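Visitor: What follows is coords_9.txt, made up of compact mmCIF, C-alpha atoms and all ligand atoms:
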# COMPACT_ATOMS: atom_id res chain seq x y z
CA MET A 1 74.88 74.71 92.00
CA LYS A 2 73.73 73.22 95.28
CA PHE A 3 72.25 75.52 97.90
CA PRO A 4 74.48 76.17 100.91
CA LYS A 5 73.65 74.27 104.11
CA GLN A 6 72.91 77.53 105.95
CA TRP A 7 69.95 78.06 103.62
CA LYS A 8 68.02 75.05 104.89
CA SER A 9 65.63 77.08 107.05
CA ALA A 10 65.01 79.60 104.25
CA ILE A 11 64.32 76.82 101.73
CA ASP A 12 61.87 75.19 104.16
CA VAL A 13 60.10 78.52 104.61
CA ILE A 14 59.86 79.00 100.83
CA THR A 15 58.49 75.48 100.34
CA LYS A 16 55.77 76.07 102.94
CA ILE A 17 54.79 79.38 101.37
CA GLU A 18 54.63 77.75 97.93
CA ASN A 19 52.52 74.91 99.31
CA ALA A 20 50.09 77.51 100.59
CA GLY A 21 49.70 78.77 97.02
CA TYR A 22 51.95 81.84 96.98
CA GLU A 23 55.32 82.61 95.42
CA ALA A 24 58.50 82.96 97.43
CA PHE A 25 62.11 83.58 96.41
CA ILE A 26 65.49 84.17 97.94
CA VAL A 27 66.40 87.76 97.07
CA GLY A 28 69.01 90.44 97.50
CA GLY A 29 72.59 90.02 98.68
CA ALA A 30 72.27 86.29 99.30
CA VAL A 31 71.55 85.60 95.63
CA ARG A 32 74.51 87.75 94.60
CA ASP A 33 76.82 85.94 97.02
CA TYR A 34 75.46 82.56 95.94
CA TYR A 35 76.27 83.34 92.32
CA LEU A 36 79.75 84.40 93.42
CA GLN A 37 79.98 81.18 95.46
CA LYS A 38 80.65 83.26 98.55
CA ASP A 39 79.17 82.74 102.01
CA SER A 40 76.36 85.12 102.79
CA SER A 41 75.63 86.40 106.27
CA ASP A 42 71.86 86.62 106.02
CA VAL A 43 69.26 85.23 103.65
CA ASP A 44 66.20 87.29 102.77
CA VAL A 45 63.01 85.81 101.41
CA ALA A 46 60.51 87.80 99.33
CA THR A 47 56.95 86.61 98.76
CA SER A 48 53.72 87.44 97.00
CA ALA A 49 51.85 86.64 100.23
CA LEU A 50 50.76 89.63 102.29
CA PRO A 51 52.18 89.89 105.83
CA GLN A 52 48.93 88.60 107.36
CA GLU A 53 48.96 85.70 104.92
CA VAL A 54 52.54 84.84 105.93
CA GLN A 55 51.50 84.96 109.57
CA ALA A 56 48.64 82.57 108.80
CA ILE A 57 50.96 80.01 107.17
CA PHE A 58 53.35 79.74 110.14
CA SER A 59 52.67 79.20 113.81
CA GLN A 60 55.62 81.15 115.18
CA THR A 61 56.15 84.60 113.70
CA VAL A 62 57.36 87.94 114.97
CA ASP A 63 56.04 91.09 113.44
CA VAL A 64 59.34 92.97 113.01
CA GLY A 65 58.27 95.58 110.49
CA ILE A 66 54.77 94.93 109.35
CA ASP A 67 54.51 98.41 107.78
CA HIS A 68 57.38 97.45 105.50
CA GLY A 69 55.96 93.99 105.01
CA THR A 70 58.56 92.06 107.00
CA VAL A 71 57.62 89.09 109.16
CA LEU A 72 60.20 87.01 111.01
CA VAL A 73 59.40 83.31 110.73
CA LEU A 74 60.67 81.07 113.54
CA ASP A 75 59.03 77.77 112.54
CA CYS A 76 61.89 76.32 110.48
CA GLY A 77 64.97 76.50 112.73
CA GLU A 78 66.92 79.68 112.03
CA PRO A 79 64.75 82.82 112.09
CA ILE A 80 64.00 83.90 108.51
CA GLU A 81 62.92 87.36 107.40
CA VAL A 82 60.07 87.15 104.93
CA THR A 83 59.12 90.36 103.15
CA THR A 84 56.11 90.90 100.93
CA TYR A 85 56.88 92.15 97.40
CA ARG A 86 56.59 95.88 97.47
CA THR A 87 57.00 98.96 95.40
CA GLU A 88 58.13 102.26 96.72
CA SER A 89 56.43 105.50 95.79
CA THR A 90 58.04 108.91 95.46
CA TYR A 91 60.96 109.86 97.70
CA SER A 92 60.51 113.48 98.61
CA ASP A 93 63.23 113.45 101.28
CA HIS A 94 65.94 111.66 99.24
CA ARG A 95 66.18 108.85 101.77
CA ARG A 96 62.87 107.06 102.39
CA PRO A 97 59.89 106.33 100.19
CA ASP A 98 56.83 108.39 101.07
CA GLU A 99 54.84 105.17 101.13
CA VAL A 100 55.31 101.45 100.57
CA ASN A 101 52.78 99.43 98.58
CA PHE A 102 52.51 95.68 98.65
CA VAL A 103 52.23 93.99 95.28
CA ARG A 104 51.83 90.42 93.99
CA ASP A 105 54.36 90.79 91.18
CA LEU A 106 58.05 89.89 91.72
CA PRO A 107 59.46 92.11 88.93
CA GLU A 108 57.89 95.14 90.61
CA ASP A 109 59.82 94.31 93.76
CA LEU A 110 63.11 93.70 91.94
CA LYS A 111 62.82 97.01 90.09
CA ARG A 112 63.06 99.06 93.30
CA ARG A 113 66.37 97.45 94.32
CA ASP A 114 69.63 99.37 94.04
CA PHE A 115 72.09 97.50 91.80
CA THR A 116 71.68 94.81 89.15
CA MET A 117 73.71 92.34 91.24
CA ASN A 118 71.34 92.93 94.18
CA ALA A 119 68.16 92.73 92.10
CA MET A 120 68.08 89.00 91.34
CA ALA A 121 65.82 86.36 92.81
CA LEU A 122 66.36 82.64 93.20
CA ARG A 123 63.60 80.06 93.13
CA ASN A 124 63.59 76.89 95.21
CA SER A 125 64.30 74.95 92.02
CA GLY A 126 67.60 76.82 91.57
CA GLU A 127 66.24 78.96 88.74
CA PHE A 128 67.46 82.59 88.66
CA VAL A 129 65.14 85.48 87.99
CA ASP A 130 67.60 87.97 86.58
CA LEU A 131 65.68 90.72 84.81
CA PHE A 132 68.50 93.27 84.78
CA ASN A 133 71.43 91.03 83.79
CA GLY A 134 72.90 91.00 87.25
CA ARG A 135 74.92 87.88 86.52
CA GLN A 136 76.43 89.47 83.45
CA ASP A 137 77.47 92.51 85.51
CA ILE A 138 78.89 90.29 88.22
CA ASP A 139 80.92 88.42 85.59
CA ALA A 140 82.18 91.76 84.29
CA GLN A 141 82.79 92.93 87.88
CA ILE A 142 80.57 95.95 87.48
CA ILE A 143 78.23 97.75 89.84
CA ARG A 144 75.34 99.15 87.84
CA ALA A 145 72.21 100.91 89.07
CA VAL A 146 68.88 99.29 88.22
CA GLY A 147 67.00 101.53 85.78
CA VAL A 148 67.88 105.20 85.39
CA ALA A 149 70.85 105.82 87.69
CA GLU A 150 70.14 109.54 88.15
CA GLU A 151 66.64 108.78 89.40
CA ARG A 152 67.73 105.97 91.66
CA PHE A 153 70.25 108.15 93.51
CA GLN A 154 67.77 111.00 93.65
CA GLU A 155 65.31 108.69 95.40
CA ASP A 156 67.81 107.54 97.98
CA ALA A 157 71.15 109.29 98.27
CA LEU A 158 72.62 106.55 100.46
CA ARG A 159 72.78 104.35 97.36
CA MET A 160 75.75 106.43 96.16
CA LEU A 161 77.76 105.41 99.18
CA ARG A 162 76.47 101.84 98.91
CA ALA A 163 77.80 101.65 95.36
CA ILE A 164 81.18 102.87 96.55
CA ARG A 165 81.16 100.52 99.53
CA PHE A 166 80.35 97.51 97.32
CA SER A 167 83.20 98.50 94.98
CA ALA A 168 85.62 98.15 97.90
CA GLN A 169 84.06 94.98 99.30
CA MET A 170 83.85 93.17 96.00
CA ASP A 171 86.70 94.85 94.18
CA PHE A 172 84.31 95.81 91.35
CA SER A 173 84.23 99.01 89.34
CA ILE A 174 81.25 101.31 89.16
CA GLU A 175 79.71 101.40 85.69
CA GLU A 176 80.25 104.66 83.81
CA ASN A 177 76.69 106.01 83.82
CA THR A 178 76.18 104.98 87.41
CA LEU A 179 79.37 106.80 88.38
CA LYS A 180 78.37 109.89 86.40
CA ALA A 181 75.04 109.94 88.17
CA ILE A 182 76.86 109.84 91.51
CA GLN A 183 79.15 112.69 90.43
CA ASN A 184 76.11 114.72 89.43
CA GLN A 185 74.41 114.54 92.78
CA VAL A 186 76.96 114.00 95.52
CA GLU A 187 75.51 116.98 97.30
CA SER A 188 72.35 115.09 98.17
CA ILE A 189 74.32 112.94 100.62
CA LYS A 190 73.48 115.74 103.06
CA PHE A 191 69.98 114.27 103.37
CA ILE A 192 71.37 111.08 104.86
CA ALA A 193 71.84 110.63 108.61
CA MET A 194 75.48 110.44 109.71
CA GLU A 195 74.83 107.16 111.53
CA ARG A 196 73.95 105.50 108.22
CA ILE A 197 76.95 107.06 106.49
CA GLN A 198 79.13 105.77 109.30
CA VAL A 199 77.88 102.21 108.78
CA GLU A 200 78.82 102.32 105.10
CA ILE A 201 82.23 103.87 105.75
CA SER A 202 82.91 101.28 108.45
CA LYS A 203 82.29 98.61 105.82
CA ILE A 204 84.73 100.38 103.52
CA TRP A 205 87.46 100.19 106.18
CA THR A 206 87.05 96.42 106.51
CA SER A 207 86.90 95.80 102.77
CA PRO A 208 89.65 94.01 100.84
CA ASN A 209 90.07 97.07 98.62
CA SER A 210 89.33 100.12 100.80
CA VAL A 211 91.53 102.35 98.68
CA ARG A 212 89.27 101.77 95.68
CA ALA A 213 86.40 103.35 97.61
CA ILE A 214 88.58 106.28 98.65
CA HIS A 215 89.43 106.86 95.00
CA TYR A 216 85.72 106.92 94.12
CA ILE A 217 84.98 109.26 97.01
CA GLN A 218 87.64 111.62 95.64
CA TRP A 219 86.72 111.32 91.97
CA SER A 220 83.04 111.86 92.61
CA GLN A 221 83.86 114.71 95.00
CA LEU A 222 81.63 113.14 97.59
CA ASP A 223 84.44 114.06 100.01
CA ALA A 224 83.38 117.69 99.76
CA TYR A 225 80.25 116.72 101.71
CA LEU A 226 81.82 114.33 104.20
CA PRO A 227 83.80 115.35 107.30
CA GLY A 228 87.57 114.80 107.01
CA GLU A 229 89.91 114.36 104.07
CA PHE A 230 89.86 111.25 101.92
CA ASP A 231 93.28 110.99 100.37
CA ALA A 232 93.84 107.74 98.50
CA ILE A 233 97.62 108.03 98.76
CA GLU A 234 97.40 107.60 102.53
CA TRP A 235 95.34 104.45 102.16
CA GLU A 236 97.46 102.49 99.70
CA THR A 237 99.10 100.57 102.52
CA PHE A 238 96.05 100.21 104.77
CA GLN A 239 94.38 96.83 105.34
CA SER A 240 92.19 95.74 108.24
CA MET A 241 89.32 93.51 109.28
CA ASN A 242 88.51 95.78 112.21
CA ARG A 243 86.36 98.86 111.67
CA GLN A 244 87.84 100.57 114.76
CA VAL A 245 91.29 100.30 113.20
CA GLY A 246 89.89 102.03 110.11
CA TRP A 247 88.44 104.87 112.14
CA ALA A 248 91.70 105.26 114.05
CA TYR A 249 93.67 105.41 110.79
CA PHE A 250 91.18 107.90 109.35
CA CYS A 251 91.79 110.20 112.36
CA LEU A 252 95.55 109.66 112.09
CA VAL A 253 95.77 110.70 108.44
CA ASN A 254 93.55 113.66 109.23
CA GLY A 255 96.11 115.25 111.56
CA HIS A 256 95.17 113.07 114.56
CA ASP A 257 91.74 114.67 114.59
CA VAL A 258 89.58 112.62 116.95
CA ALA A 259 86.72 115.12 116.64
CA LEU A 260 85.91 113.35 113.37
CA LEU A 261 84.55 110.47 115.42
CA SER A 262 81.88 112.72 116.87
CA ALA A 263 81.07 114.06 113.42
CA TYR A 264 80.44 110.48 112.26
CA ARG A 265 78.54 109.59 115.46
CA CYS A 266 80.96 106.86 116.44
CA SER A 267 80.44 105.25 119.84
CA ASN A 268 82.37 106.14 122.99
CA LYS A 269 83.99 102.73 122.82
CA ASP A 270 85.30 103.55 119.35
CA LYS A 271 86.57 106.91 120.60
CA GLN A 272 88.36 105.26 123.52
CA PHE A 273 90.09 102.81 121.20
CA VAL A 274 91.13 105.51 118.74
CA LYS A 275 92.53 107.80 121.45
CA GLN A 276 94.63 104.98 122.88
CA VAL A 277 96.01 104.00 119.49
CA LEU A 278 96.89 107.58 118.59
CA LEU A 279 98.59 108.12 121.95
CA ALA A 280 100.62 104.93 121.55
CA TYR A 281 101.49 105.93 117.99
CA GLU A 282 102.67 109.38 119.05
CA LYS A 283 104.86 107.89 121.78
CA LEU A 284 106.29 105.35 119.38
CA GLN A 285 107.08 108.06 116.89
CA ASN A 286 108.56 110.47 119.42
CA GLU A 287 110.55 108.89 122.23
CA GLY A 288 109.81 105.23 121.42
CA TRP A 289 107.96 102.95 123.81
CA GLN A 290 109.27 102.63 127.35
CA ARG A 291 108.58 99.67 129.60
CA MET A 292 105.72 101.58 131.25
CA ASP A 293 104.09 101.99 127.84
CA TYR A 294 104.18 98.24 127.31
CA LEU A 295 102.42 97.89 130.64
CA GLN A 296 99.83 100.57 130.09
CA PHE A 297 98.71 99.81 126.54
CA GLU A 298 96.86 96.65 125.61
CA LEU A 299 98.61 94.40 123.12
CA GLU A 300 96.00 95.21 120.44
CA ILE A 301 96.65 98.94 120.85
CA LEU A 302 100.41 98.44 120.56
CA HIS A 303 100.03 96.21 117.53
CA THR A 304 97.69 98.68 115.82
CA ALA A 305 99.96 101.66 116.50
CA HIS A 306 102.92 99.69 115.15
CA LEU A 307 100.98 98.82 111.99
CA PHE A 308 100.22 102.51 111.54
CA ALA A 309 103.93 103.28 111.70
CA THR A 310 104.51 100.68 108.98
CA TRP A 311 101.69 102.07 106.83
CA GLN A 312 103.05 105.58 107.29
CA PHE A 313 106.63 104.45 106.59
CA VAL A 314 107.73 105.67 110.00
CA PRO A 315 110.86 103.78 111.12
CA THR A 316 110.61 101.97 114.46
CA THR A 317 113.23 100.40 116.66
CA ILE A 318 111.10 97.37 117.44
CA SER A 319 109.58 94.78 115.13
CA PHE A 320 105.90 93.82 115.20
CA GLU A 321 106.83 90.34 116.47
CA GLN A 322 108.91 91.70 119.34
CA ILE A 323 106.01 93.66 120.83
CA GLU A 324 104.27 90.71 122.44
CA LYS A 325 107.56 89.31 123.76
CA MET A 326 108.44 92.67 125.21
CA LYS A 327 105.09 92.98 126.93
CA HIS A 328 105.24 89.48 128.35
CA SER A 329 108.76 89.97 129.64
CA LEU A 330 107.58 92.64 132.09
CA PRO A 331 107.59 91.57 135.76
CA ILE A 332 103.86 92.29 135.92
CA GLN A 333 101.22 92.44 133.19
CA HIS A 334 98.79 94.85 134.82
CA LYS A 335 99.07 97.61 137.37
CA SER A 336 96.60 95.78 139.61
CA GLU A 337 99.31 93.16 140.20
CA LEU A 338 101.45 95.63 142.19
CA ALA A 339 102.14 93.96 145.58
CA ILE A 340 101.28 97.05 147.61
CA SER A 341 98.34 99.40 147.92
CA GLY A 342 97.72 102.84 149.37
CA LYS A 343 96.82 101.19 152.66
CA ASP A 344 100.35 99.75 152.98
CA LEU A 345 101.89 103.15 152.33
CA LEU A 346 99.75 104.71 155.08
CA GLN A 347 100.89 102.04 157.55
CA TRP A 348 104.54 102.69 156.76
CA THR A 349 104.43 106.39 157.51
CA SER A 350 102.73 108.91 159.78
CA ASN A 351 101.70 111.02 156.78
CA LYS A 352 98.02 111.60 156.16
CA ALA A 353 96.29 110.39 153.01
CA GLY A 354 96.65 112.78 150.07
CA PRO A 355 97.66 113.03 146.47
CA TRP A 356 101.14 111.76 147.38
CA LEU A 357 99.64 108.25 147.66
CA GLN A 358 98.85 108.15 143.97
CA THR A 359 102.22 109.61 143.00
CA THR A 360 104.10 107.14 145.19
CA LEU A 361 102.14 104.14 143.92
CA GLN A 362 102.88 105.25 140.37
CA ALA A 363 106.59 105.55 141.24
CA ALA A 364 106.49 102.08 142.82
CA LEU A 365 104.84 100.67 139.71
CA SER A 366 107.49 102.24 137.53
CA ALA A 367 110.30 100.92 139.78
CA VAL A 368 108.84 97.40 139.55
CA VAL A 369 108.29 97.54 135.81
CA ASN A 370 111.81 98.91 135.25
CA GLY A 371 113.34 96.16 137.39
CA GLN A 372 114.62 98.46 140.13
CA VAL A 373 112.75 96.55 142.81
CA THR A 374 111.06 93.15 143.02
CA ASN A 375 107.27 93.10 143.18
CA ASP A 376 107.28 91.98 146.80
CA LYS A 377 105.80 93.75 149.79
CA GLU A 378 108.93 93.67 151.97
CA GLN A 379 111.19 94.80 149.18
CA LEU A 380 108.78 97.54 148.26
CA LYS A 381 108.72 98.71 151.88
CA GLU A 382 112.50 99.17 151.77
CA TRP A 383 112.21 100.88 148.42
CA PHE A 384 109.53 103.16 149.86
CA HIS A 385 111.69 104.32 152.78
CA ALA A 386 114.61 104.99 150.45
CA PHE A 387 112.23 106.82 148.08
CA ASN A 388 110.91 108.95 150.97
CA ASP A 389 114.41 109.81 152.20
CA GLU A 390 115.33 110.98 148.71
CA GLY A 391 112.12 112.98 148.37
P1 LIG B 1 75.30 93.05 102.69
O1 LIG B 1 76.19 91.92 102.35
O2 LIG B 1 76.02 94.29 103.00
O3 LIG B 1 74.23 92.71 103.70
P2 LIG B 1 73.07 93.23 100.91
O4 LIG B 1 73.00 93.32 99.43
O5 LIG B 1 72.43 92.06 101.57
O6 LIG B 1 74.60 93.36 101.31
P3 LIG B 1 71.36 94.84 102.55
O7 LIG B 1 71.58 96.23 103.02
O8 LIG B 1 71.32 93.73 103.53
O9 LIG B 1 72.49 94.57 101.46
O10 LIG B 1 70.04 94.87 101.69
C1 LIG B 1 69.42 93.72 101.16
C2 LIG B 1 68.88 94.01 99.77
O11 LIG B 1 67.90 95.06 99.84
C3 LIG B 1 69.92 94.49 98.78
O12 LIG B 1 70.59 93.41 98.17
C4 LIG B 1 69.07 95.29 97.80
O13 LIG B 1 68.40 94.44 96.92
C5 LIG B 1 68.04 95.92 98.72
N1 LIG B 1 68.46 97.25 99.23
C6 LIG B 1 69.07 97.52 100.39
N2 LIG B 1 69.28 98.82 100.56
C7 LIG B 1 68.75 99.42 99.46
C8 LIG B 1 68.61 100.76 99.04
N3 LIG B 1 69.10 101.78 99.78
N4 LIG B 1 67.98 100.99 97.86
C9 LIG B 1 67.51 99.97 97.11
N5 LIG B 1 67.60 98.70 97.46
C10 LIG B 1 68.20 98.40 98.61
MG MG B 2 72.29 91.82 103.74
Now that the file is in, can you turn its structure into structure tokens?

Guide:
Amino acid sequence: MKFPKQWKSAIDVITKIENAGYEAFIVGGAVRDYYLQKDSSDVDVATSALPQEVQAIFSQTVDVGIDHGTVLVLDCGEPIEVTTYRTESTYSDHRRPDEVNFVRDLPEDLKRRDFTMNAMALRNSGEFVDLFNGRQDIDAQIIRAVGVAEERFQEDALRMLRAIRFSAQMDFSIEENTLKAIQNQVESIKFIAMERIQVEISKIWTSPNSVRAIHYIQWSQLDAYLPGEFDAIEWETFQSMNRQVGWAYFCLVNGHDVALLSAYRCSNKDKQFVKQVLLAYEKLQNEGWQRMDYLQFELEILHTAHLFATWQFVPTTISFEQIEKMKHSLPIQHKSELAISGKDLLQWTSNKAGPWLQTTLQAALSAVVNGQVTNDKEQLKEWFHAFNDEG
């Protein structure tokens, strides 16, 4: 197999480290993805050189996590993260090692990694270092903990959710003993910060097989320790590349409970998106969308809410394809395009400024959008006088 083009910088870094007399390998997810012939987002390099030794080899480095042994090398084009081989000591808090020790021995470093597929290393020559039969497990589509599963999850409880997340991303099953070990200690997920849980769950939403992860969350009873209900039946139809869509759907199937977003420490931007989608969905389900709804909601919100109706088998009067047409057929695309402002209204009457301005502008907007009046200042002036006479 030839190395992917995107690895050029990493390979150059490895060559330079080797020329300086140390070992260096590509490690972690990149090796797994390479074996699967899949594109990898980032390439990590592990080395026997100590951080100071790495810094001495290259002229441009950034010390991004020297305590953890990570140096960012900028000399070879793309920035490359180079991490010294390390072992991790005891984990008294179930999430972080009490201390990190640098070592010169690659197997020691691979041993501390989570799953066999993530514990391989690749030499510049193309040779795999695969001490735990990661390739065999990948071929069998299995996620297996490195070493004694019970201990590995005890050390770091997040690994349970990582296993489940990888099962959804890769469409792999979790090996029996590994799954048992998860079932035996789901409770320890409570030691993990919600922000980190949120990251893993977000990755589940955007996975090709999200429902597989939901099944594992149910079977293992991890759901007892996570906010919200995880009900695989609701997720059979779900599919998305957008994590926000996943969070919105999660709230939807949990009785439209947006408070879950706070529980998972989602951002305000996520909350805004979810609220809009749920509002659009409720309107679609109840009275159907009116022309003002097409104006007020962004196309993405409308599309998402419509998808939800499909996933929930809720009948709709409009097809997904018609939504964009409908929106574009409106006389204006945004309320800011209305030809009049509050200032105009004040000029056309002796009334003082007050809340009526907002109400009237909203009525004008609705009249324009519904085709009762053209979006033109003169026409709107006539409309306004007629509107005032009625009122
Ligand atoms: P992704 O495609 O999601 O980035 P990845 O395998 O690269 O997958 P990272 O979180 O980037 O995952 O971690 C890089 C590597 O570090 C992993 O492949 C694994 O070897 C190791 N690793 C990461 N998190 C843990 C953990 N909690 N416990 C043990 N090893 C871990
Ligand atoms: Mg990674």

Visitor: Which residues are near range 246-249 of chain A? Cut-off 8 Å, all atoms listed in the file, ignore same chain within fewer than 4 positions. Put them as a list of chain:residue names.

Guide: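 Listing them by chain and then by number gives A:Ser202, A:Trp205, A:Thr206, A:Ser240, A:Asn242, A:Val253, A:Leu261, A:Asp270, A:Phe273, A:Val274, A:Lys275, A:Val277, A:Leu278, A:Phe308.
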
Visitor: From the options A:Phe115, A:Trp356, A:Tyr85, A:Phe387, which residue's atoms come nearest to Val103 in chain A, counting only C-alpha atoms?

Guide: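 Among A:Phe115, A:Trp356, A:Tyr85, A:Phe387, it is A:Tyr85 that comes nearest to Val103 in chain A.
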
Visitor: For ligand LIG 1 (chain B), list the contacting residues at 6 Å or closer, counting all atoms listed in the file, as number ranges by chain.

Guide: A: 28-29, 112-114, 118-119, 158-159

Visitor: What lies within 8 Å of His68 in chain A using all atoms listed in the file, ignoring chain neighbours under 2 positions off, as a ChimeraX atom specification?

Guide: /A:65-66,70,83,100

Visitor: Can you tell me how far CA of Thr87 in chain A sits from CA of Arg144 in chain A, in Å to one decimal?

Guide: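 Separation of CA of Thr87 in chain A and CA of Arg144 in chain A: 19.8 Å.
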
Visitor: Produce as a JSON list (two decimals) with C-alpha atoms, keeping the file's coordinate frame the set of residues near ligand MG 2 (chain B), where near means within 9 Å with all atoms listed in the file considered.

Guide:
[["chain", "number", "residue", "atom", "x", "y", "z"],
["A", 28, "GLY", "CA", 69.01, 90.44, 97.50],
["A", 29, "GLY", "CA", 72.59, 90.02, 98.68],
["A", 30, "ALA", "CA", 72.27, 86.29, 99.30],
["A", 40, "SER", "CA", 76.36, 85.12, 102.79],
["A", 41, "SER", "CA", 75.63, 86.40, 106.27],
["A", 42, "ASP", "CA", 71.86, 86.62, 106.02],
["A", 43, "VAL", "CA", 69.26, 85.23, 103.65],
["A", 44, "ASP", "CA", 66.20, 87.29, 102.77]]

Visitor: So how far away is CA of Pro315 in chain A from CA of Glu282 in chain A, in Å?

Guide: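 For CA of Glu282 in chain A relative to CA of Pro315 in chain A, the distance reads 12.7 Å.
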
Visitor: Let me have the centre and edge lengths of the axis-aligned box enclosing all listed atoms of range 249-264 of chain A with 5 Å padding on every side, in Å to one decimal, as lines of an AutoDock Vina configuration file.

Guide:
center_x = 88.3
center_y = 110.3
center_z = 112.7
size_x = 25.7
size_y = 19.8
size_z = 18.5
